[in-house]
file work.pdb (PDB, C-alpha atoms)
MODEL        1
ATOM      1  CA  MET A   1       0.000   0.000   0.000
ATOM      2  CA  VAL A   2       1.223   3.465  -0.866
ATOM      3  CA  THR A   3       0.918   6.400   1.510
ATOM      4  CA  GLY A   4       1.436  10.081   0.965
ATOM      5  CA  ALA A   5      -0.378  10.422  -2.351
ATOM      6  CA  GLN A   6      -1.424  13.817  -3.650
ATOM      7  CA  PHE A   7      -5.099  14.796  -3.605
ATOM      8  CA  ASP A   8      -7.326  17.783  -4.201
ATOM      9  CA  LYS A   9      -8.112  19.516  -0.887
ATOM     10  CA  THR A  10     -11.052  21.320  -2.508
ATOM     11  CA  GLU A  11     -12.670  17.992  -3.319
ATOM     12  CA  LEU A  12     -12.120  16.842   0.269
ATOM     13  CA  GLN A  13     -13.741  20.029   1.628
ATOM     14  CA  ARG A  14     -16.744  19.516  -0.669
ATOM     15  CA  LEU A  15     -17.131  15.933   0.556
ATOM     16  CA  MET A  16     -16.885  17.086   4.185
ATOM     17  CA  GLN A  17     -19.613  19.675   3.623
ATOM     18  CA  GLU A  18     -21.856  17.030   2.042
ATOM     19  CA  GLN A  19     -21.413  14.868   5.146
ATOM     20  CA  GLY A  20     -22.113  17.758   7.497
ATOM     21  CA  VAL A  21     -18.516  18.036   8.744
ATOM     22  CA  ASP A  22     -17.046  21.484   9.366
ATOM     23  CA  PRO A  23     -14.107  21.842   6.917
ATOM     24  CA  ALA A  24     -12.502  24.673   8.905
ATOM     25  CA  PRO A  25      -9.031  23.770  10.232
ATOM     26  CA  GLU A  26      -8.895  22.982  13.937
ATOM     27  CA  LYS A  27      -6.152  25.568  14.515
ATOM     28  CA  GLU A  28      -8.583  28.381  13.633
ATOM     29  CA  LYS A  29     -10.798  27.326  16.537
ATOM     30  CA  GLN A  30      -8.076  27.352  19.155
ATOM     31  CA  GLN A  31      -8.630  29.930  21.841
ATOM     32  CA  GLU A  32      -6.128  32.084  23.602
ATOM     33  CA  PRO A  33      -4.269  30.187  26.370
ATOM     34  CA  ALA A  34      -5.901  30.705  29.763
ATOM     35  CA  SER A  35      -2.559  31.562  31.402
ATOM     36  CA  LYS A  36      -1.934  34.389  28.934
ATOM     37  CA  LYS A  37      -5.437  35.775  29.383
ATOM     38  CA  LEU A  38      -5.137  35.557  33.183
ATOM     39  CA  GLY A  39      -1.779  37.351  33.114
ATOM     40  CA  ARG A  40      -3.229  40.190  31.076
ATOM     41  CA  ILE A  41      -6.219  40.533  33.405
ATOM     42  CA  MET A  42      -3.990  40.603  36.493
ATOM     43  CA  THR A  43      -1.760  43.250  34.910
ATOM     44  CA  VAL A  44      -4.745  45.484  34.106
ATOM     45  CA  VAL A  45      -6.180  45.003  37.612
ATOM     46  CA  LEU A  46      -2.851  45.990  39.186
ATOM     47  CA  LEU A  47      -2.623  49.030  36.925
ATOM     48  CA  ALA A  48      -6.151  50.094  37.858
ATOM     49  CA  ALA A  49      -5.423  49.547  41.557
ATOM     50  CA  TYR A  50      -2.256  51.656  41.232
ATOM     51  CA  PHE A  51      -4.139  54.665  39.862
ATOM     52  CA  ILE A  52      -6.970  54.264  42.385
ATOM     53  CA  VAL A  53      -4.504  54.327  45.280
ATOM     54  CA  LEU A  54      -2.601  57.204  43.688
ATOM     55  CA  LEU A  55      -5.747  59.306  43.214
ATOM     56  CA  PHE A  56      -7.675  58.455  46.382
ATOM     57  CA  GLY A  57      -4.889  57.373  48.713
ATOM     58  CA  LYS A  58      -4.729  60.832  50.295
ATOM     59  CA  TYR A  59      -8.089  60.106  51.919
ATOM     60  CA  VAL A  60      -6.698  56.950  53.534
ATOM     61  CA  PHE A  61      -3.024  57.670  54.178
ATOM     62  CA  PRO A  62      -1.516  60.730  55.920
ATOM     63  CA  GLU A  63      -0.529  63.636  53.658
ATOM     64  CA  ASP A  64       3.169  63.003  54.152
ATOM     65  CA  SER A  65       2.785  59.265  53.638
ATOM     66  CA  GLU A  66       6.023  57.650  52.568
ATOM     67  CA  ILE A  67       4.123  55.057  50.510
ATOM     68  CA  LEU A  68       2.156  57.603  48.476
ATOM     69  CA  ARG A  69       5.231  59.729  47.800
ATOM     70  CA  SER A  70       7.139  56.653  46.623
ATOM     71  CA  MET A  71       4.263  55.414  44.445
ATOM     72  CA  ASN A  72       4.008  58.656  42.497
ATOM     73  CA  VAL A  73       6.390  58.164  39.580
ATOM     74  CA  PHE A  74       5.193  61.302  37.800
ATOM     75  CA  THR A  75       7.081  63.723  40.036
ATOM     76  CA  ARG A  76      10.785  64.476  40.258
ATOM     77  CA  GLU A  77      10.699  64.228  44.029
ATOM     78  CA  GLU A  78      13.090  61.616  45.369
ATOM     79  CA  ALA A  79      11.273  58.493  46.526
ATOM     80  CA  PRO A  80      11.846  57.715  50.207
ATOM     81  CA  ASN A  81      11.065  54.027  49.686
ATOM     82  CA  HIS A  82      12.930  52.584  46.690
ATOM     83  CA  LEU A  83      11.148  49.215  46.790
ATOM     84  CA  VAL A  84       7.671  50.775  46.509
ATOM     85  CA  HIS A  85       8.940  53.101  43.782
ATOM     86  CA  ILE A  86      10.376  50.208  41.774
ATOM     87  CA  ILE A  87       7.169  48.164  42.115
ATOM     88  CA  SER A  88       5.164  51.189  40.943
ATOM     89  CA  LEU A  89       7.435  51.576  37.924
ATOM     90  CA  ALA A  90       6.998  47.907  37.062
ATOM     91  CA  ILE A  91       3.207  48.072  37.285
ATOM     92  CA  LEU A  92       3.022  51.246  35.218
ATOM     93  CA  THR A  93       5.409  50.077  32.489
ATOM     94  CA  LEU A  94       4.083  46.522  32.136
ATOM     95  CA  GLY A  95       0.488  47.718  32.363
ATOM     96  CA  ALA A  96       0.953  50.265  29.596
ATOM     97  CA  SER A  97       2.740  47.663  27.460
ATOM     98  CA  THR A  98      -0.016  45.090  28.008
ATOM     99  CA  ILE A  99      -2.808  47.497  27.078
ATOM    100  CA  LEU A 100      -0.947  48.765  24.015
ATOM    101  CA  ARG A 101      -0.170  45.239  22.781
ATOM    102  CA  PHE A 102      -3.805  44.226  23.370
ATOM    103  CA  PHE A 103      -5.062  47.015  21.098
ATOM    104  CA  ILE A 104      -2.389  46.174  18.515
ATOM    105  CA  ALA A 105      -3.528  42.534  18.540
ATOM    106  CA  ARG A 106      -7.156  43.629  18.142
ATOM    107  CA  THR A 107      -6.166  45.822  15.229
ATOM    108  CA  ALA A 108      -4.266  42.955  13.621
ATOM    109  CA  ALA A 109      -7.366  40.753  13.935
ATOM    110  CA  ASN A 110      -9.446  43.323  12.045
ATOM    111  CA  SER A 111      -8.957  42.506   8.375
ATOM    112  CA  SER A 112     -10.359  45.850   7.200
ATOM    113  CA  LEU A 113      -7.686  47.749   9.141
ATOM    114  CA  THR A 114      -4.811  45.480   8.109
ATOM    115  CA  LYS A 115      -5.751  45.127   4.442
ATOM    116  CA  HIS A 116      -2.998  47.505   3.359
ATOM    117  CA  THR A 117      -0.401  47.051   6.093
ATOM    118  CA  GLY A 118      -0.812  43.316   6.726
ATOM    119  CA  LYS A 119      -0.943  41.428  10.011
ATOM    120  CA  ALA A 120       2.806  40.806  10.008
ATOM    121  CA  VAL A 121       3.473  44.527  10.456
ATOM    122  CA  MET A 122       1.087  44.707  13.411
ATOM    123  CA  GLU A 123       2.626  41.616  15.023
ATOM    124  CA  LEU A 124       6.085  43.087  14.542
ATOM    125  CA  LEU A 125       4.895  46.311  16.198
ATOM    126  CA  GLY A 126       3.506  44.305  19.130
ATOM    127  CA  ASN A 127       6.822  42.488  19.607
ATOM    128  CA  PHE A 128       8.690  45.802  19.444
ATOM    129  CA  VAL A 129       6.474  47.231  22.195
ATOM    130  CA  LYS A 130       7.069  44.165  24.359
ATOM    131  CA  TYR A 131      10.860  44.287  24.107
ATOM    132  CA  ALA A 132      10.936  48.078  24.422
ATOM    133  CA  ALA A 133       8.888  47.853  27.640
ATOM    134  CA  VAL A 134      11.347  45.374  29.119
ATOM    135  CA  LEU A 135      14.330  47.609  28.257
ATOM    136  CA  VAL A 136      12.625  50.713  29.616
ATOM    137  CA  LEU A 137      11.721  48.829  32.783
ATOM    138  CA  VAL A 138      15.320  47.711  33.319
ATOM    139  CA  PHE A 139      16.686  51.230  32.964
ATOM    140  CA  LEU A 140      13.954  52.666  35.190
ATOM    141  CA  PHE A 141      14.869  50.146  37.879
ATOM    142  CA  LEU A 142      18.527  51.027  37.625
ATOM    143  CA  SER A 143      17.745  54.727  37.698
ATOM    144  CA  ALA A 144      15.566  54.269  40.799
ATOM    145  CA  LEU A 145      18.487  52.513  42.480
ATOM    146  CA  GLY A 146      20.739  55.476  41.768
ATOM    147  CA  VAL A 147      22.655  54.036  38.815
ATOM    148  CA  ASP A 148      23.825  56.562  36.219
ATOM    149  CA  THR A 149      22.046  55.115  33.172
ATOM    150  CA  ALA A 150      23.816  57.515  30.764
ATOM    151  CA  GLU A 151      27.202  56.099  31.714
ATOM    152  CA  LEU A 152      25.753  52.588  31.579
ATOM    153  CA  LEU A 153      24.533  53.122  28.025
ATOM    154  CA  ALA A 154      27.954  54.421  26.992
ATOM    155  CA  GLY A 155      29.602  51.400  28.613
ATOM    156  CA  LEU A 156      27.208  49.022  26.878
ATOM    157  CA  GLY A 157      28.002  50.684  23.574
ATOM    158  CA  ILE A 158      31.733  50.106  24.036
ATOM    159  CA  LEU A 159      31.101  46.532  25.211
ATOM    160  CA  GLY A 160      28.887  45.866  22.194
ATOM    161  CA  LEU A 161      31.612  47.153  19.882
ATOM    162  CA  VAL A 162      34.202  44.856  21.458
ATOM    163  CA  LEU A 163      31.891  41.868  21.285
ATOM    164  CA  GLY A 164      30.953  42.670  17.731
ATOM    165  CA  LEU A 165      34.592  42.660  16.673
ATOM    166  CA  GLY A 166      35.607  39.562  18.644
ATOM    167  CA  VAL A 167      32.764  37.079  18.911
ATOM    168  CA  THR A 168      30.274  37.980  16.204
ATOM    169  CA  SER A 169      28.941  34.450  15.709
ATOM    170  CA  LEU A 170      28.424  33.938  19.442
ATOM    171  CA  VAL A 171      26.490  37.195  19.753
ATOM    172  CA  GLU A 172      24.344  36.290  16.741
ATOM    173  CA  ASP A 173      23.509  32.888  18.256
ATOM    174  CA  VAL A 174      22.678  34.366  21.660
ATOM    175  CA  VAL A 175      20.483  37.114  20.203
ATOM    176  CA  ALA A 176      18.703  34.602  17.950
ATOM    177  CA  GLY A 177      18.128  32.326  20.956
ATOM    178  CA  ILE A 178      16.620  35.175  22.948
ATOM    179  CA  PHE A 179      14.223  36.023  20.124
ATOM    180  CA  ILE A 180      13.263  32.354  19.628
ATOM    181  CA  ILE A 181      12.370  32.029  23.312
ATOM    182  CA  GLY A 182      10.806  35.481  23.605
ATOM    183  CA  GLU A 183       8.594  35.163  20.534
ATOM    184  CA  HIS A 184       7.676  31.489  21.168
ATOM    185  CA  LEU A 185       8.534  30.476  17.606
ATOM    186  CA  PHE A 186       8.743  26.892  18.819
ATOM    187  CA  ASP A 187       9.074  25.116  22.136
ATOM    188  CA  VAL A 188      10.543  21.924  23.555
ATOM    189  CA  GLY A 189       8.426  19.000  22.363
ATOM    190  CA  ASP A 190       7.221  20.688  19.168
ATOM    191  CA  ILE A 191       7.469  18.763  15.905
ATOM    192  CA  VAL A 192       9.349  20.750  13.269
ATOM    193  CA  VAL A 193      10.803  20.303   9.813
ATOM    194  CA  VAL A 194      14.139  21.938   8.998
ATOM    195  CA  ASP A 195      14.980  21.497   5.328
ATOM    196  CA  ASP A 196      14.553  17.699   4.939
ATOM    197  CA  PHE A 197      14.979  16.862   8.632
ATOM    198  CA  ARG A 198      11.791  16.141  10.601
ATOM    199  CA  GLY A 199      11.927  15.720  14.360
ATOM    200  CA  ARG A 200      10.901  16.860  17.806
ATOM    201  CA  ILE A 201      12.568  19.790  19.601
ATOM    202  CA  LEU A 202      14.786  18.213  22.256
ATOM    203  CA  SER A 203      16.214  21.372  23.809
ATOM    204  CA  ILE A 204      16.525  25.105  23.148
ATOM    205  CA  GLY A 205      19.773  26.581  24.402
ATOM    206  CA  ILE A 206      20.945  30.150  24.415
ATOM    207  CA  ARG A 207      23.272  29.323  21.526
ATOM    208  CA  SER A 208      22.000  26.117  19.861
ATOM    209  CA  THR A 209      18.854  24.039  19.384
ATOM    210  CA  GLN A 210      18.696  20.240  19.298
ATOM    211  CA  ILE A 211      16.156  18.329  17.195
ATOM    212  CA  GLU A 212      15.675  14.555  17.486
ATOM    213  CA  ASP A 213      14.086  12.519  14.688
ATOM    214  CA  ASP A 214      12.092   9.291  15.006
ATOM    215  CA  GLY A 215      15.253   7.227  14.624
ATOM    216  CA  GLY A 216      17.027   8.910  17.536
ATOM    217  CA  ASP A 217      19.378  10.988  15.398
ATOM    218  CA  ILE A 218      19.953  14.442  16.860
ATOM    219  CA  LEU A 219      20.454  17.527  14.700
ATOM    220  CA  ILE A 220      22.277  20.356  16.478
ATOM    221  CA  MET A 221      21.808  23.774  14.889
ATOM    222  CA  ARG A 222      23.165  27.184  15.833
ATOM    223  CA  ASN A 223      20.240  29.463  16.593
ATOM    224  CA  SER A 224      21.384  32.065  14.081
ATOM    225  CA  THR A 225      21.325  29.487  11.258
ATOM    226  CA  ILE A 226      17.699  28.423  11.797
ATOM    227  CA  GLU A 227      15.887  29.916   8.831
ATOM    228  CA  ASN A 228      13.706  27.490   6.885
ATOM    229  CA  LEU A 229      11.829  25.903   9.787
ATOM    230  CA  VAL A 230       8.216  24.737   9.722
ATOM    231  CA  ASN A 231       6.454  24.150  13.048
ATOM    232  CA  MET A 232       4.053  21.247  12.521
ATOM    233  CA  THR A 233       2.722  21.127  16.099
ATOM    234  CA  ASN A 234      -0.968  21.688  16.883
ATOM    235  CA  ARG A 235      -1.986  21.825  13.254
ATOM    236  CA  SER A 236      -4.261  19.497  11.367
ATOM    237  CA  TYR A 237      -2.608  17.105   8.976
ATOM    238  CA  TYR A 238      -3.781  14.706   6.305
ATOM    239  CA  ALA A 239      -3.202  10.969   6.725
ATOM    240  CA  ILE A 240      -3.429   9.852   3.099
ATOM    241  CA  CYS A 241      -3.787   6.234   2.029
ATOM    242  CA  ASP A 242      -3.562   5.375  -1.660
ATOM    243  CA  ILE A 243      -4.651   1.727  -1.934
ATOM    244  CA  PRO A 244      -4.253  -0.435  -5.094
ATOM    245  CA  VAL A 245      -7.141  -2.697  -6.077
ATOM    246  CA  ALA A 246      -6.831  -5.574  -8.534
ATOM    247  CA  PRO A 247      -8.036  -4.695 -12.071
ATOM    248  CA  THR A 248     -10.383  -7.706 -12.039
ATOM    249  CA  GLU A 249     -12.452  -6.232  -9.231
ATOM    250  CA  PRO A 250     -15.545  -4.262 -10.351
ATOM    251  CA  TYR A 251     -15.071  -0.741  -9.095
ATOM    252  CA  ALA A 252     -18.786  -0.280  -8.345
ATOM    253  CA  HIS A 253     -18.601  -3.240  -5.953
ATOM    254  CA  VAL A 254     -15.467  -1.836  -4.247
ATOM    255  CA  GLU A 255     -17.149   1.546  -3.834
ATOM    256  CA  GLU A 256     -20.301  -0.026  -2.401
ATOM    257  CA  VAL A 257     -18.346  -2.100   0.149
ATOM    258  CA  ILE A 258     -16.365   0.937   1.364
ATOM    259  CA  ASN A 259     -19.421   3.191   1.608
ATOM    260  CA  ASN A 260     -21.347   0.550   3.572
ATOM    261  CA  ALA A 261     -18.415   0.141   5.973
ATOM    262  CA  HIS A 262     -18.975   3.667   7.400
ATOM    263  CA  LEU A 263     -15.306   4.429   7.934
ATOM    264  CA  GLU A 264     -16.171   7.510   9.999
ATOM    265  CA  LYS A 265     -17.008   5.138  12.876
ATOM    266  CA  LEU A 266     -13.268   4.612  13.304
ATOM    267  CA  ARG A 267     -13.221   7.915  15.264
ATOM    268  CA  GLU A 268     -15.075   6.158  18.082
ATOM    269  CA  ARG A 269     -12.215   3.668  18.443
ATOM    270  CA  TYR A 270      -9.393   6.042  17.588
ATOM    271  CA  PRO A 271     -10.070   9.554  18.971
ATOM    272  CA  GLU A 272      -6.761  10.700  17.448
ATOM    273  CA  ILE A 273      -8.711  10.956  14.179
ATOM    274  CA  GLU A 274     -10.145  14.475  14.204
ATOM    275  CA  LYS A 275     -12.270  14.193  11.050
ATOM    276  CA  GLY A 276     -12.994  11.361   8.656
ATOM    277  CA  PRO A 277     -11.822   9.007   7.299
ATOM    278  CA  PHE A 278     -13.180  10.133   3.938
ATOM    279  CA  PHE A 279     -13.360   7.951   0.834
ATOM    280  CA  LEU A 280     -12.391  10.165  -2.111
ATOM    281  CA  GLY A 281     -12.980   7.550  -4.775
ATOM    282  CA  LEU A 282     -10.871   6.378  -7.683
ATOM    283  CA  SER A 283      -7.709   8.465  -7.888
ATOM    284  CA  GLU A 284      -5.667   6.657 -10.542
ATOM    285  CA  ILE A 285      -5.701   3.722 -12.957
ATOM    286  CA  GLY A 286      -2.365   2.008 -13.593
ATOM    287  CA  ASP A 287      -1.036   0.924 -16.984
ATOM    288  CA  ARG A 288      -2.299  -2.633 -16.400
ATOM    289  CA  GLY A 289      -5.618  -1.587 -14.952
ATOM    290  CA  VAL A 290      -4.632  -1.468 -11.279
ATOM    291  CA  GLN A 291      -7.202   0.741  -9.564
ATOM    292  CA  PHE A 292      -5.976   3.173  -6.892
ATOM    293  CA  ILE A 293      -8.498   4.434  -4.360
ATOM    294  CA  THR A 294      -7.738   7.249  -1.929
ATOM    295  CA  ILE A 295      -8.860   7.504   1.682
ATOM    296  CA  VAL A 296      -7.995  10.557   3.821
ATOM    297  CA  ALA A 297      -8.288  11.273   7.542
ATOM    298  CA  ILE A 298      -7.508  14.527   9.354
ATOM    299  CA  CYS A 299      -5.351  14.195  12.466
ATOM    300  CA  LYS A 300      -2.415  15.803  14.280
ATOM    301  CA  GLU A 301       0.969  15.706  12.575
ATOM    302  CA  ASP A 302       2.550  13.458  15.202
ATOM    303  CA  THR A 303      -0.091  10.728  14.663
ATOM    304  CA  LYS A 304      -0.395  10.762  10.873
ATOM    305  CA  TYR A 305       1.760   7.676  10.207
ATOM    306  CA  TRP A 306      -0.030   5.664  12.885
ATOM    307  CA  ILE A 307      -3.424   6.703  11.500
ATOM    308  CA  GLN A 308      -2.279   5.660   8.013
ATOM    309  CA  ARG A 309      -1.377   2.212   9.338
ATOM    310  CA  ILE A 310      -4.753   1.948  11.090
ATOM    311  CA  ILE A 311      -6.651   2.811   7.910
ATOM    312  CA  ASN A 312      -4.551   0.413   5.819
ATOM    313  CA  ARG A 313      -5.262  -2.372   8.315
ATOM    314  CA  GLU A 314      -9.006  -1.704   8.354
ATOM    315  CA  ILE A 315      -9.222  -1.631   4.564
ATOM    316  CA  LYS A 316      -7.179  -4.828   4.311
ATOM    317  CA  LEU A 317      -9.526  -6.619   6.739
ATOM    318  CA  LEU A 318     -12.571  -5.191   4.979
ATOM    319  CA  PHE A 319     -11.349  -6.419   1.591
ATOM    320  CA  GLU A 320     -10.554  -9.895   2.958
ATOM    321  CA  GLU A 321     -14.046 -10.115   4.436
ATOM    322  CA  ASN A 322     -15.610  -9.205   1.084
ATOM    323  CA  ASN A 323     -13.180 -11.202  -1.094
ATOM    324  CA  ILE A 324     -11.752  -8.124  -2.793
ATOM    325  CA  GLN A 325      -8.214  -8.567  -4.069
ATOM    326  CA  LEU A 326      -5.558  -5.901  -3.778
ATOM    327  CA  GLY A 327      -3.540  -4.912  -6.838
ATOM    328  CA  GLU A 328       0.158  -5.557  -7.282
ATOM    329  CA  GLN A 329       2.166  -2.391  -7.803
ATOM    330  CA  GLY A 330       4.990  -4.319  -9.482
ATOM    331  CA  ASP A 331       2.791  -5.559 -12.331
ATOM    332  CA  ASP A 332       3.851  -2.708 -14.607
ATOM    333  CA  ASP A 333       7.494  -3.779 -14.443
ATOM    334  CA  ASP A 334       6.864  -7.480 -15.219
ATOM    335  CA  ASP A 335       6.805  -8.930 -18.661
TER     336      ASP A 335
ENDMDL
END
call {"tool": "encode", "arguments": {"input": "work.pdb", "output": "structure tokens"}}
result
Amino acid sequence: MVTGAQFDKTELQRLMQEQGVDPAPEKEKQQEPASKKLGRIMTVVLLAAYFIVLLFGKYVFPEDSEILRSMNVFTREEAPNHLVHIISLAILTLGASTILRFFIARTAANSSLTKHTGKAVMELLGNFVKYAAVLVLVFLFLSALGVDTAELLAGLGILGLVLGLGVTSLVEDVVAGIFIIGEHLFDVGDIVVVDDFRGRILSIGIRSTQIEDDGGDILIMRNSTIENLVNMTNRSYYAICDIPVAPTEPYAHVEEVINNAHLEKLRERYPEIEKGPFFLGLSEIGDRGVQFITIVAICKEDTKYWIQRIINREIKLLFEENNIQLGEQGDDDDD
């Protein structure tokens, strides 16, 4: 049996609609992670609480309250309590960043607003705001602790020049690693394809990433060299089975047997099958009359080969039960 045959996705979507199955990809229905949503809500609540205390705290605390004076980051007055001042700076900076990135994400989701600029530009703007907020927060912390940030920036500039001249490749790998982790391009356990190498992410280091294939071989790549990578995790995939049937078998009989078998019931036994299996009909006729039928199931990428084996087994048993002979793919090469 041959697997991995090509097929027309439009025809599959039409068949799914006829059977009352939603053809929309599962990834479009995925909701925002609860942890991310909870973090955003907590940040907004803290920001709101900060302004409430700042505006109405004078009715609760004494006028010369050390806490209120330290919380107010909008004055040039020296904060008597550095810890409270630093916490206030963190809440204000992260809160503003969260709200701004939320509106950017909403704008990116609105197709009418991103028709000319594209979603990629909005996502890039959101990432810029996130990293800029972190940098601003770091320098605000240092400034609140009494560090001369102007001299620090000058020192970092000289250090960056030295590093750039001496260890360029190391800096590139480290920076690439930071962006990979910060932007969640992929994570440990994800299934990815790099060029012709398919495997699962074994580890993500600050300088290199390790990918292990099904055979146990490990590909080690410098982070700065990772370019053509496809993340296959959490996306729907097609388990395609192209099955040869003997030319002596009437195709109408084969079609009737498969339709009466109700292959979609396999989902009850194998929940890894998200949709299908779907019988797409006769896909090819060989030179000696071998008939190739195609059956497709939608599943996760990491289960596609197992689902293909399951479908092949079920079809083999079904054909044996109904005395249907499989074709021989080597017939075309025999004299």
call {"tool": "residues_around", "arguments": {"input": "work.pdb", "residues": "region 296-301 of chain A", "least_positions_apart": "3", "cutoff": "7 Å", "atoms": "all atoms listed in the file", "output": "list in words"}}
result
Met232, Thr233, Asn234, Arg235, Ser236, Tyr237, Tyr238, Ala239, Ile240, Cys241, Glu272, Ile273, Glu274, Lys275, Gly276, Pro277, Phe278, Phe279 and Lys304 of chain A
call {"tool": "residues_around", "arguments": {"input": "work.pdb", "residues": "Val245 (chain A)", "least_positions_apart": "3", "cutoff": "10 Å", "atoms": "all atoms listed in the file", "output": "list in words"}}
result
Met1, Asp242, Thr248, Glu249, Pro250, Tyr251, Val254, Leu282, Ile285, Gly289, Val290, Gln291, Phe292, Ile293, Phe319, Ile324, Gln325, Leu326, Gly327, Glu328 and Gln329 of chain A
call {"tool": "write_last_selection", "arguments": {"input": "work.pdb", "atoms": "C-alpha atoms", "output": "mmCIF file, in the coordinates of the input"}}
result
data_model
loop_
_atom_site.group_PDB
_atom_site.id
_atom_site.type_symbol
_atom_site.label_atom_id
_atom_site.label_comp_id
_atom_site.auth_asym_id
_atom_site.auth_seq_id
_atom_site.Cartn_x
_atom_site.Cartn_y
_atom_site.Cartn_z
ATOM 1 C CA MET A 1 0.000 0.000 0.000
ATOM 2 C CA ASP A 242 -3.562 5.375 -1.660
ATOM 3 C CA THR A 248 -10.383 -7.706 -12.039
ATOM 4 C CA GLU A 249 -12.452 -6.232 -9.231
ATOM 5 C CA PRO A 250 -15.545 -4.262 -10.351
ATOM 6 C CA TYR A 251 -15.071 -0.741 -9.095
ATOM 7 C CA VAL A 254 -15.467 -1.836 -4.247
ATOM 8 C CA LEU A 282 -10.871 6.378 -7.683
ATOM 9 C CA ILE A 285 -5.701 3.722 -12.957
ATOM 10 C CA GLY A 289 -5.618 -1.587 -14.952
ATOM 11 C CA VAL A 290 -4.632 -1.468 -11.279
ATOM 12 C CA GLN A 291 -7.202 0.741 -9.564
ATOM 13 C CA PHE A 292 -5.976 3.173 -6.892
ATOM 14 C CA ILE A 293 -8.498 4.434 -4.360
ATOM 15 C CA PHE A 319 -11.349 -6.419 1.591
ATOM 16 C CA ILE A 324 -11.752 -8.124 -2.793
ATOM 17 C CA GLN A 325 -8.214 -8.567 -4.069
ATOM 18 C CA LEU A 326 -5.558 -5.901 -3.778
ATOM 19 C CA GLY A 327 -3.540 -4.912 -6.838
ATOM 20 C CA GLU A 328 0.158 -5.557 -7.282
ATOM 21 C CA GLN A 329 2.166 -2.391 -7.803
#
call {"tool": "atom_distance", "arguments": {"input": "work.pdb", "atom1": "CA of Leu100 (chain A)", "atom2": "CA of Leu185 (chain A)"}}
result
21.6 Å
call {"tool": "closest_residue", "arguments": {"input": "work.pdb", "among": "A:Ile87, A:Asn223, A:Phe179, A:Val174", "to": "Tyr131 (chain A)", "atoms": "only C-alpha atoms"}}
result
A:Phe179
call {"tool": "resolve_selection", "arguments": {"input": "work.pdb", "expression": "the PyMOL selection byres ((chain A and resi 257) around 12)", "output": "PyMOL selection string"}}
result
chain A and resi 249-256+258-263+279+315+317-324
call {"tool": "closest_residue", "arguments": {"input": "work.pdb", "among": "A:Ser203, A:Thr209, A:Thr98, A:Gln17", "to": "Ala176 (chain A)", "atoms": "all atoms listed in the file"}}
result
A:Thr209
call {"tool": "atom_distance", "arguments": {"input": "work.pdb", "atom1": "CA of Gln308 (chain A)", "atom2": "CA of Arg267 (chain A)"}}
result
13.3 Å
call {"tool": "build_atoms", "arguments": {"input": "work.pdb", "residues": "region 285-296 of chain A", "atoms": "N, CA and C atoms", "output": "compact mmCIF listing (two decimals), in the frame of the given file"}}
result
# COMPACT_ATOMS: atom_id res chain seq x y z
N ILE A 285 -5.65 5.05 -12.34
CA ILE A 285 -5.70 3.72 -12.96
C ILE A 285 -4.34 3.44 -13.56
N GLY A 286 -3.70 2.35 -13.11
CA GLY A 286 -2.37 2.01 -13.59
C GLY A 286 -2.38 1.53 -15.03
N ASP A 287 -1.16 1.35 -15.58
CA ASP A 287 -1.04 0.92 -16.98
C ASP A 287 -1.69 -0.42 -17.24
N ARG A 288 -1.70 -1.30 -16.25
CA ARG A 288 -2.30 -2.63 -16.40
C ARG A 288 -3.65 -2.73 -15.71
N GLY A 289 -4.27 -1.60 -15.49
CA GLY A 289 -5.62 -1.59 -14.95
C GLY A 289 -5.71 -1.62 -13.45
N VAL A 290 -4.58 -1.52 -12.74
CA VAL A 290 -4.63 -1.47 -11.28
C VAL A 290 -5.37 -0.21 -10.86
N GLN A 291 -6.38 -0.37 -10.00
CA GLN A 291 -7.20 0.74 -9.56
C GLN A 291 -6.70 1.26 -8.21
N PHE A 292 -6.45 2.56 -8.14
CA PHE A 292 -5.98 3.17 -6.89
C PHE A 292 -7.10 4.01 -6.30
N ILE A 293 -7.48 3.66 -5.08
CA ILE A 293 -8.50 4.43 -4.36
C ILE A 293 -7.81 5.21 -3.25
N THR A 294 -8.35 6.37 -2.93
CA THR A 294 -7.74 7.25 -1.93
C THR A 294 -8.67 7.45 -0.75
N ILE A 295 -8.12 7.27 0.44
CA ILE A 295 -8.86 7.50 1.68
C ILE A 295 -8.04 8.47 2.53
N VAL A 296 -8.69 9.50 3.07
CA VAL A 296 -8.00 10.56 3.82
C VAL A 296 -8.65 10.74 5.18
